[in-house]
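Peer 1: So I've got this file, query10.txt, and it contains compact mmCIF, C-alpha atoms:
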```txt
# COMPACT_ATOMS: atom_id res chain seq x y z
CA MET A 1 -39.43 -29.92 -12.30
CA LEU A 2 -39.19 -32.98 -10.03
CA ARG A 3 -40.44 -30.98 -7.05
CA HIS A 4 -43.38 -29.75 -9.14
CA LEU A 5 -44.29 -33.29 -10.19
CA VAL A 6 -44.10 -34.58 -6.62
CA LEU A 7 -46.29 -31.75 -5.33
CA THR A 8 -48.77 -32.29 -8.16
CA PHE A 9 -48.96 -36.00 -7.39
CA LEU A 10 -49.57 -35.38 -3.68
CA ILE A 11 -52.26 -32.82 -4.40
CA CYS A 12 -53.94 -35.12 -6.88
CA CYS A 13 -53.94 -38.03 -4.46
CA THR A 14 -55.57 -35.78 -1.88
CA LEU A 15 -58.19 -34.77 -4.41
CA GLY A 16 -58.74 -38.42 -5.36
CA ALA A 17 -59.52 -39.20 -1.73
CA SER A 18 -62.39 -36.74 -1.81
CA ALA A 19 -63.71 -34.75 1.10
CA ALA A 20 -66.64 -37.16 1.26
CA GLU A 21 -64.28 -40.06 1.78
CA THR A 22 -62.18 -38.35 4.41
CA ALA A 23 -65.29 -37.28 6.31
CA GLY A 24 -66.42 -40.88 6.50
CA SER A 25 -69.44 -40.46 4.26
CA LYS A 26 -70.02 -42.32 1.03
CA PRO A 27 -67.77 -41.36 -1.91
CA SER A 28 -69.27 -39.89 -5.07
CA GLY A 29 -69.94 -41.94 -8.15
CA LEU A 30 -70.27 -45.65 -8.69
CA SER A 31 -68.05 -48.45 -7.44
CA ALA A 32 -67.88 -52.19 -7.88
CA GLY A 33 -69.90 -54.20 -5.37
CA PRO A 34 -69.98 -57.91 -4.55
CA ASN A 35 -70.98 -60.54 -7.09
CA GLY A 36 -70.81 -58.25 -10.11
CA THR A 37 -73.04 -55.52 -8.69
CA VAL A 38 -72.67 -51.74 -8.68
CA LEU A 39 -72.77 -49.61 -5.54
CA LYS A 40 -74.06 -46.06 -5.22
CA ASP A 41 -74.20 -44.45 -1.79
CA GLY A 42 -73.25 -47.81 -0.28
CA LYS A 43 -76.22 -49.65 -1.79
CA THR A 44 -76.68 -51.83 -4.83
CA TYR A 45 -77.80 -49.77 -7.77
CA ARG A 46 -79.23 -50.34 -11.24
CA ALA A 47 -80.15 -47.81 -13.90
CA ILE A 48 -80.74 -47.27 -17.61
CA GLY A 49 -79.22 -44.14 -19.13
CA VAL A 50 -78.46 -42.80 -22.58
CA ASN A 51 -75.50 -41.91 -24.70
CA TYR A 52 -75.32 -38.15 -25.16
CA PHE A 53 -72.35 -38.52 -27.48
CA ASP A 54 -71.76 -34.91 -28.49
CA CYS A 55 -72.92 -32.96 -25.44
CA PHE A 56 -69.30 -31.80 -25.04
CA VAL A 57 -68.23 -32.10 -28.68
CA ARG A 58 -70.86 -29.56 -29.73
CA THR A 59 -69.61 -26.91 -27.32
CA LEU A 60 -65.99 -27.79 -28.11
CA SER A 61 -66.77 -27.04 -31.74
CA GLU A 62 -68.96 -24.00 -31.07
CA GLY A 63 -68.23 -22.39 -27.73
CA HIS A 64 -71.59 -20.65 -27.57
CA ASP A 65 -73.53 -23.92 -27.98
CA THR A 66 -74.81 -24.91 -24.55
CA SER A 67 -77.82 -26.86 -25.80
CA TYR A 68 -76.66 -29.75 -23.63
CA ASP A 69 -78.27 -27.92 -20.71
CA ALA A 70 -81.73 -28.32 -22.21
CA GLY A 71 -80.89 -31.94 -22.98
CA PHE A 72 -79.94 -32.66 -19.37
CA ALA A 73 -83.14 -30.95 -18.22
CA THR A 74 -85.20 -33.21 -20.52
CA LEU A 75 -83.50 -36.35 -19.23
CA ALA A 76 -83.86 -35.29 -15.61
CA ALA A 77 -87.57 -34.63 -16.08
CA LYS A 78 -88.00 -38.18 -17.36
CA GLY A 79 -86.01 -39.71 -14.53
CA ILE A 80 -83.16 -40.87 -16.80
CA PRO A 81 -80.23 -40.64 -14.41
CA PHE A 82 -76.99 -40.69 -16.41
CA VAL A 83 -75.27 -40.22 -19.75
CA ARG A 84 -72.17 -41.58 -21.44
CA PHE A 85 -70.38 -39.03 -23.61
CA CYS A 86 -67.25 -38.29 -25.63
CA ALA A 87 -64.95 -36.27 -23.35
CA THR A 88 -62.41 -35.21 -25.98
CA GLY A 89 -62.61 -34.28 -29.62
CA PHE A 90 -63.11 -37.04 -32.17
CA TRP A 91 -60.41 -36.02 -34.68
CA PRO A 92 -56.99 -34.54 -33.89
CA LYS A 93 -58.16 -31.21 -35.32
CA ASP A 94 -60.88 -31.13 -32.67
CA MET A 95 -58.17 -30.97 -30.00
CA GLN A 96 -56.64 -27.75 -31.33
CA LEU A 97 -58.25 -25.70 -28.56
CA TYR A 98 -56.76 -27.97 -25.92
CA GLN A 99 -53.34 -27.52 -27.51
CA THR A 100 -53.59 -23.73 -27.72
CA ASN A 101 -55.91 -22.58 -24.92
CA ARG A 102 -56.54 -25.08 -22.14
CA VAL A 103 -58.29 -22.49 -20.01
CA ASP A 104 -60.99 -22.12 -22.65
CA TYR A 105 -61.05 -25.87 -23.34
CA PHE A 106 -61.74 -26.73 -19.72
CA HIS A 107 -64.14 -23.82 -19.36
CA ARG A 108 -66.29 -25.56 -21.98
CA LEU A 109 -65.98 -28.96 -20.29
CA ASP A 110 -66.73 -27.29 -16.95
CA GLY A 111 -70.00 -26.10 -18.45
CA VAL A 112 -71.06 -29.67 -19.24
CA VAL A 113 -70.15 -30.95 -15.78
CA LYS A 114 -71.78 -28.04 -13.94
CA SER A 115 -74.96 -28.41 -16.00
CA ALA A 116 -75.09 -32.12 -15.17
CA GLU A 117 -74.66 -31.31 -11.50
CA LYS A 118 -77.46 -28.74 -11.66
CA HIS A 119 -79.86 -31.26 -13.18
CA GLY A 120 -78.72 -34.24 -11.08
CA ILE A 121 -77.41 -36.18 -14.10
CA GLY A 122 -74.58 -38.68 -13.72
CA LEU A 123 -71.73 -38.66 -16.23
CA VAL A 124 -69.62 -41.45 -17.71
CA PRO A 125 -66.96 -39.54 -19.66
CA SER A 126 -65.14 -41.54 -22.34
CA LEU A 127 -61.75 -39.87 -22.39
CA PHE A 128 -60.17 -41.17 -25.61
CA TRP A 129 -63.13 -42.05 -27.79
CA TYR A 130 -61.55 -42.61 -31.22
CA TYR A 131 -58.55 -44.92 -31.19
CA SER A 132 -56.40 -43.06 -33.72
CA CYS A 133 -56.99 -39.54 -32.41
CA ILE A 134 -54.18 -39.33 -29.86
CA PRO A 135 -51.47 -41.19 -31.81
CA ASP A 136 -52.24 -38.98 -34.80
CA LEU A 137 -52.22 -35.89 -32.60
CA VAL A 138 -48.68 -36.60 -31.37
CA GLY A 139 -47.37 -38.01 -34.66
CA GLU A 140 -47.08 -41.69 -33.74
CA SER A 141 -48.41 -44.99 -35.09
CA MET A 142 -51.15 -47.00 -33.37
CA ASP A 143 -48.71 -49.46 -31.79
CA GLN A 144 -47.50 -46.71 -29.47
CA TRP A 145 -50.64 -47.15 -27.39
CA ALA A 146 -48.73 -50.12 -25.95
CA ASN A 147 -45.45 -48.28 -25.31
CA PRO A 148 -45.20 -46.74 -21.82
CA LYS A 149 -42.41 -44.44 -23.08
CA SER A 150 -44.39 -43.17 -26.06
CA LYS A 151 -45.78 -39.69 -26.64
CA THR A 152 -49.20 -41.33 -26.95
CA GLN A 153 -49.16 -42.73 -23.43
CA ALA A 154 -47.56 -39.57 -22.06
CA TRP A 155 -50.42 -37.52 -23.57
CA MET A 156 -52.94 -39.99 -22.14
CA ARG A 157 -51.43 -39.73 -18.66
CA GLU A 158 -51.41 -35.93 -18.72
CA TYR A 159 -55.04 -35.72 -19.84
CA VAL A 160 -56.15 -38.28 -17.25
CA ARG A 161 -54.42 -36.29 -14.53
CA GLU A 162 -55.93 -32.99 -15.64
CA VAL A 163 -59.47 -34.31 -16.03
CA ILE A 164 -59.66 -36.46 -12.92
CA THR A 165 -58.04 -33.98 -10.54
CA ARG A 166 -60.40 -31.32 -11.88
CA TYR A 167 -63.62 -33.31 -11.58
CA CYS A 168 -63.05 -36.13 -9.10
CA ASN A 169 -65.06 -34.33 -6.41
CA SER A 170 -68.02 -33.76 -8.70
CA SER A 171 -71.17 -35.55 -7.65
CA SER A 172 -72.01 -36.04 -11.34
CA ILE A 173 -68.96 -38.12 -12.27
CA TRP A 174 -70.06 -41.73 -11.96
CA ALA A 175 -67.26 -43.66 -13.69
CA TRP A 176 -64.23 -43.25 -15.96
CA GLU A 177 -64.09 -44.83 -19.40
CA PHE A 178 -61.09 -45.20 -21.70
CA GLY A 179 -62.51 -45.07 -25.23
CA ASN A 180 -64.93 -46.60 -27.69
CA GLU A 181 -64.69 -50.13 -29.10
CA TYR A 182 -60.90 -50.33 -29.43
CA SER A 183 -60.93 -54.14 -29.39
CA LEU A 184 -63.12 -54.31 -32.49
CA GLN A 185 -60.09 -52.99 -34.40
CA ALA A 186 -57.79 -55.73 -33.08
CA ASP A 187 -56.35 -58.81 -34.80
CA LEU A 188 -58.30 -58.37 -38.02
CA PRO A 189 -57.22 -61.00 -40.58
CA ASN A 190 -57.65 -58.28 -43.21
CA ALA A 191 -56.09 -55.54 -41.06
CA ARG A 192 -54.34 -53.91 -44.00
CA GLU A 193 -57.73 -53.03 -45.46
CA HIS A 194 -58.97 -51.51 -42.20
CA ARG A 195 -56.19 -49.24 -41.00
CA PRO A 196 -57.34 -45.89 -39.59
CA PRO A 197 -58.66 -43.58 -42.28
CA ILE A 198 -56.57 -40.74 -43.66
CA HIS A 199 -58.16 -37.30 -43.51
CA SER A 200 -55.28 -34.85 -43.48
CA THR A 201 -57.59 -31.85 -43.14
CA LEU A 202 -58.81 -33.34 -39.86
CA GLY A 203 -55.29 -33.80 -38.55
CA THR A 204 -54.69 -37.50 -39.21
CA ALA A 205 -51.44 -39.01 -40.41
CA SER A 206 -50.86 -38.76 -44.14
CA THR A 207 -49.80 -42.40 -44.48
CA ARG A 208 -50.51 -45.71 -42.73
CA GLY A 209 -48.47 -48.87 -42.35
CA GLU A 210 -48.17 -52.19 -40.53
CA ARG A 211 -47.50 -50.45 -37.21
CA ASP A 212 -51.04 -49.08 -37.43
CA ASP A 213 -52.50 -52.62 -37.40
CA VAL A 214 -54.07 -52.98 -33.97
CA THR A 215 -53.60 -56.13 -31.87
CA SER A 216 -55.32 -57.32 -28.70
CA SER A 217 -52.09 -57.18 -26.73
CA MET A 218 -51.68 -53.56 -27.78
CA VAL A 219 -55.21 -52.70 -26.66
CA ARG A 220 -54.85 -54.50 -23.33
CA ALA A 221 -51.62 -52.61 -22.62
CA ALA A 222 -53.42 -49.32 -23.26
CA PHE A 223 -56.33 -50.32 -21.02
CA THR A 224 -54.01 -51.29 -18.19
CA ALA A 225 -51.94 -48.12 -18.48
CA PHE A 226 -55.11 -46.03 -18.40
CA ALA A 227 -56.53 -47.79 -15.36
CA ASP A 228 -53.22 -47.55 -13.50
CA GLU A 229 -53.21 -43.82 -14.13
CA VAL A 230 -56.82 -43.35 -13.04
CA ARG A 231 -56.16 -45.15 -9.77
CA LYS A 232 -53.46 -42.62 -8.87
CA TYR A 233 -56.17 -39.99 -8.49
CA ASP A 234 -59.43 -41.84 -7.86
CA ARG A 235 -59.45 -44.87 -5.57
CA HIS A 236 -63.03 -46.04 -5.85
CA ARG A 237 -64.94 -45.21 -9.04
CA LEU A 238 -65.63 -47.74 -11.74
CA ILE A 239 -63.03 -47.89 -14.52
CA LEU A 240 -64.29 -49.12 -17.88
CA THR A 241 -62.78 -49.87 -21.27
CA GLY A 242 -65.69 -48.73 -23.45
CA ASP A 243 -65.50 -51.90 -25.52
CA SER A 244 -68.22 -53.71 -27.38
CA PHE A 245 -68.83 -57.45 -27.28
CA PRO A 246 -65.74 -59.23 -28.56
CA ARG A 247 -66.17 -60.17 -32.20
CA PRO A 248 -67.72 -63.65 -32.63
CA SER A 249 -64.27 -64.83 -33.79
CA ALA A 250 -62.11 -62.77 -31.39
CA TRP A 251 -60.41 -65.77 -29.77
CA HIS A 252 -59.45 -67.27 -33.13
CA GLN A 253 -58.42 -63.91 -34.55
CA GLU A 254 -55.86 -63.50 -31.79
CA ARG A 255 -54.70 -67.13 -31.81
CA ASP A 256 -54.57 -68.01 -35.51
CA GLY A 257 -55.67 -64.95 -37.47
CA THR A 258 -58.91 -66.45 -38.80
CA TRP A 259 -62.61 -65.61 -38.72
CA THR A 260 -63.48 -69.02 -37.21
CA LYS A 261 -66.43 -68.66 -34.86
CA ASP A 262 -65.58 -69.00 -31.18
CA THR A 263 -67.25 -71.33 -28.72
CA LEU A 264 -68.94 -69.81 -25.68
CA GLU A 265 -65.95 -70.90 -23.60
CA GLN A 266 -63.60 -69.09 -25.96
CA PHE A 267 -65.86 -66.05 -25.89
CA ALA A 268 -65.69 -66.06 -22.09
CA GLU A 269 -61.88 -66.22 -22.24
CA SER A 270 -61.72 -63.33 -24.70
CA LEU A 271 -64.11 -61.26 -22.60
CA THR A 272 -62.01 -61.83 -19.50
CA LYS A 273 -58.81 -60.80 -21.27
CA ALA A 274 -60.49 -57.74 -22.78
CA ASN A 275 -61.18 -56.32 -19.29
CA PRO A 276 -57.83 -56.64 -17.50
CA ASP A 277 -57.16 -55.48 -13.94
CA PRO A 278 -57.24 -52.80 -12.67
CA ILE A 279 -60.20 -52.27 -15.01
CA ASN A 280 -62.98 -53.21 -12.59
CA GLY A 281 -66.03 -53.38 -14.85
CA ILE A 282 -66.95 -55.26 -18.01
CA SER A 283 -67.91 -53.17 -21.02
CA LEU A 284 -70.33 -54.43 -23.67
CA HIS A 285 -72.28 -52.86 -26.54
CA LEU A 286 -75.48 -54.69 -27.33
CA TYR A 287 -76.94 -54.74 -30.85
CA GLU A 288 -78.63 -57.16 -33.24
CA ASN A 289 -78.53 -60.69 -31.77
CA GLU A 290 -75.69 -60.20 -29.30
CA ASP A 291 -78.10 -60.91 -26.45
CA ALA A 292 -77.52 -64.61 -27.27
CA ARG A 293 -74.12 -64.25 -25.55
CA LEU A 294 -75.32 -62.01 -22.76
CA ALA A 295 -76.00 -64.76 -20.22
CA THR A 296 -72.43 -66.04 -20.62
CA ALA A 297 -71.15 -62.50 -20.10
CA VAL A 298 -73.09 -62.31 -16.85
CA GLU A 299 -71.42 -65.53 -15.70
CA VAL A 300 -68.01 -64.01 -16.45
CA SER A 301 -69.00 -60.82 -14.61
CA ARG A 302 -69.93 -62.71 -11.45
CA LYS A 303 -66.87 -64.92 -11.61
CA LEU A 304 -64.55 -61.91 -11.91
CA ASN A 305 -66.68 -59.78 -9.58
CA LYS A 306 -66.73 -57.04 -12.22
CA PRO A 307 -70.09 -55.41 -12.97
CA ILE A 308 -71.32 -55.16 -16.55
CA PHE A 309 -71.85 -51.79 -18.15
CA ILE A 310 -73.67 -52.01 -21.47
CA GLY A 311 -72.36 -48.73 -22.79
CA GLU A 312 -74.58 -48.91 -25.87
CA PHE A 313 -77.72 -50.75 -26.86
CA GLY A 314 -80.34 -49.97 -29.46
CA SER A 315 -81.88 -50.64 -32.82
CA GLN A 316 -81.92 -48.43 -35.90
CA GLY A 317 -84.91 -47.12 -37.83
CA GLU A 318 -88.41 -45.96 -36.97
CA SER A 319 -90.43 -49.08 -37.67
CA ALA A 320 -92.49 -51.18 -35.29
CA GLU A 321 -89.89 -53.93 -35.70
CA GLN A 322 -87.16 -51.56 -34.57
CA ALA A 323 -89.14 -50.60 -31.48
CA ALA A 324 -89.74 -54.27 -30.68
CA ASN A 325 -86.02 -55.01 -31.02
CA CYS A 326 -85.16 -52.22 -28.62
CA ARG A 327 -87.69 -53.53 -26.09
CA ARG A 328 -86.30 -57.05 -26.48
CA LEU A 329 -82.75 -55.90 -25.77
CA LEU A 330 -83.89 -53.89 -22.76
CA LYS A 331 -85.86 -56.85 -21.44
CA SER A 332 -82.73 -59.03 -21.62
CA ILE A 333 -80.79 -56.39 -19.73
CA LEU A 334 -83.41 -56.19 -17.00
CA ASP A 335 -84.07 -59.93 -16.77
CA LEU A 336 -80.38 -60.70 -16.32
CA GLU A 337 -80.12 -57.98 -13.66
CA ILE A 338 -77.33 -56.14 -15.46
CA PRO A 339 -76.55 -53.07 -13.35
CA LEU A 340 -76.05 -50.38 -16.00
CA ALA A 341 -76.94 -49.80 -19.64
CA ALA A 342 -77.15 -46.76 -21.92
CA LEU A 343 -79.29 -46.35 -25.03
CA TRP A 344 -77.59 -45.26 -28.25
CA VAL A 345 -78.17 -42.31 -28.84
CA PHE A 346 -79.85 -39.15 -27.46
CA ASP A 347 -80.03 -35.88 -29.41
CA TYR A 348 -77.41 -36.73 -32.04
CA ALA A 349 -78.64 -35.42 -35.38
CA SER A 350 -75.70 -36.90 -37.30
CA GLN A 351 -77.14 -40.40 -36.84
CA LYS A 352 -80.74 -40.01 -37.88
CA GLU A 353 -81.34 -43.78 -37.90
CA PHE A 354 -80.47 -44.02 -34.17
CA ASN A 355 -81.22 -40.51 -32.92
CA VAL A 356 -83.74 -40.25 -30.08
CA THR A 357 -85.18 -36.93 -28.95
CA SER A 358 -88.21 -35.97 -26.91
CA ASN A 359 -90.21 -35.07 -30.02
CA ASN A 360 -89.08 -37.24 -32.94
CA LEU A 361 -90.46 -40.57 -34.15
CA ARG A 362 -88.15 -42.50 -31.82
CA SER A 363 -89.14 -40.53 -28.71
CA ASN A 364 -91.06 -43.49 -27.30
CA GLN A 365 -87.71 -45.04 -26.37
CA LEU A 366 -87.20 -42.34 -23.76
CA GLU A 367 -90.56 -43.26 -22.26
CA ILE A 368 -89.63 -46.95 -22.24
CA ILE A 369 -86.39 -46.17 -20.44
CA ALA A 370 -88.17 -43.83 -18.03
CA GLY A 371 -90.59 -46.61 -17.15
CA ALA A 372 -87.74 -49.09 -16.64
CA ASN A 373 -85.98 -46.69 -14.27
CA GLN A 374 -89.18 -46.10 -12.32
CA ASN A 375 -89.56 -49.85 -11.84
CA LEU A 376 -85.94 -50.16 -10.74
CA ARG A 377 -86.34 -47.31 -8.25
CA ASN A 378 -89.41 -48.99 -6.76
CA ARG A 379 -87.46 -52.15 -5.98
CA PRO A 380 -85.91 -52.25 -2.50
CA LEU A 381 -82.21 -51.46 -2.47
CA ILE A 382 -80.00 -53.80 -0.47
CA LYS A 383 -77.22 -52.25 1.54
CA SER A 384 -73.89 -53.81 0.65
CA LYS A 385 -72.07 -55.87 3.25
CA SER A 386 -68.75 -55.13 1.61
CA ASN A 387 -66.24 -52.63 2.93
```
Would you mind writing the structure in this file as structure tokens?
Peer 2:
Amino acid sequence: MLRHLVLTFLICCTLGASAAETAGSKPSGLSAGPNGTVLKDGKTYRAIGVNYFDCFVRTLSEGHDTSYDAGFATLAAKGIPFVRFCATGFWPKDMQLYQTNRVDYFHRLDGVVKSAEKHGIGLVPSLFWYYSCIPDLVGESMDQWANPKSKTQAWMREYVREVITRYCNSSSIWAWEFGNEYSLQADLPNAREHRPPIHSTLGTASTRGERDDVTSSMVRAAFTAFADEVRKYDRHRLILTGDSFPRPSAWHQERDGTWTKDTLEQFAESLTKANPDPINGISLHLYENEDARLATAVEVSRKLNKPIFIGEFGSQGESAEQAANCRRLLKSILDLEIPLAALWVFDYASQKEFNVTSNNLRSNQLEIIAGANQNLRNRPLIKSKSN
């Protein structure tokens, strides 16, 4: 067993240092550049993508559903270069195939990655999207995300190893993301009322208790453990948390358990703590009036030399006001020279109020993003002076 683990580790490290790296050419994917920038092919890079939340979930649920291929083709035709997506199931029940037939499970994920490669689409896979999925899957409470000896972290480490060693040489993998908005669950003064839901038919726990109340220290421990594991197999790509903006009272929630609104200085402190090393990017989700704190986030990004990835931005509805809000958020992103952002959400019928396709009433957002990317491509790229 020990010999097998050692050999696996050595093979994985070799895979992590891809053939492109060993040949002296530029590694695949995105990496952190100087002063909070992103590098692609050794040059500073900026782009606007989309969330394609269920491009894998749909084929995980229905193996014959490869409609993601047409979706990637649509995005490629519009010059939209990357997607963020859920790279596991959402509920524990969704991971039944992984538990019983990993060959078939990865065959379906292979299909997504190969299609993205064919169409020249970058991928930001979010490996553990829903915060209660894995603890529920292995029969543990939420606090075990912070326990390095837990089944939860052991499952996380195994999945990270399998996914990264399988896809680290893919030209379509741009970055690795942990999950979705874990910190929004943390330090809630009314945590008892907001424990993970119970849906036994979907594989969740049948009861919840105090150990399911999420804290910031618990989340940071999970982020750090994830990033440490990623770095065993991939030395250069961006590693992201998948978090939203910290709640307006995040600093006070952690310090004194209240909803007292934070100052901008306290927000900056919370944002720094929410993206601990070796996480090397800053994750934000931009909705409503959160752009009021965006300039401060940029200051934090440059101070820490961690580029911002706005993993979600958007506005719900089909009105002229909604369209104006979306344009306003995108303008803030572009004006502040934020490297990466992804619209929520492309081709996701379950969220009609946010869903954007090429032929629905919100389709103009794809054209807006396409135009933004064209403008970014027309700007001269500056070769990085970093190593």
Peer 1: Can you work out which one of A:Arg235, A:Arg220, A:Arg247, A:Arg327 has the shortest atom-to-atom distance to A:Ala146, counting only C-alpha atoms?
Peer 2: A:Arg220
Peer 1: For A:Arg46, which of A:Ala70, A:Ala77, A:Ala341, A:Cys326 is the closest residue, counting all atoms listed in the file?
Peer 2: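 Selected residue with least distance to A:Arg46: A:Ala341.
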Peer 1: Check the smallest atom-to-atom distance from each of A:Leu39, A:Leu109, A:Ala324, A:Leu123 to A:Phe72 using all atoms listed in the file, then report the winner.
Peer 2: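 Nearest to A:Phe72: A:Leu123.
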Peer 1: Of the residues A:Val214, A:Pro92, A:Ala323, A:Ile48, which is the one nearest to A:Thr201, using all atoms listed in the file?
Peer 2: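 That would be A:Pro92, the residue with the smallest distance to A:Thr201.
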Peer 1: Let me make sure I understand: among A:Asp69, A:Glu299, A:Glu117, A:Glu140, which one has the smallest atom-to-atom distance to A:Ala205 if we use only C-alpha atoms?
Peer 2: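 Of the candidates, the smallest distance to A:Ala205 is held by A:Glu140.
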Peer 1: Restricting the calculation to all atoms listed in the file: of A:Asn275, A:Gln266, A:Ser183, A:Thr224, which residue gets closest to A:Pro246?
Peer 2: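 Nearest to A:Pro246: A:Ser183.
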Peer 1: For the atom pair atom CA of A:Gly79 and atom CA of A:Ser350, what is the interatomic distance in Å to one decimal place?
Peer 2: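 According to the coordinates, atom CA of A:Gly79 and atom CA of A:Ser350 are separated by 25.2 Å.
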Peer 1: Write out as a count of residues only which residues come within 9 Å of stretch 331-338 of chain A when counting only C-alpha atoms, dropping same-chain ones fewer than 2 positions away.
Peer 2: 19
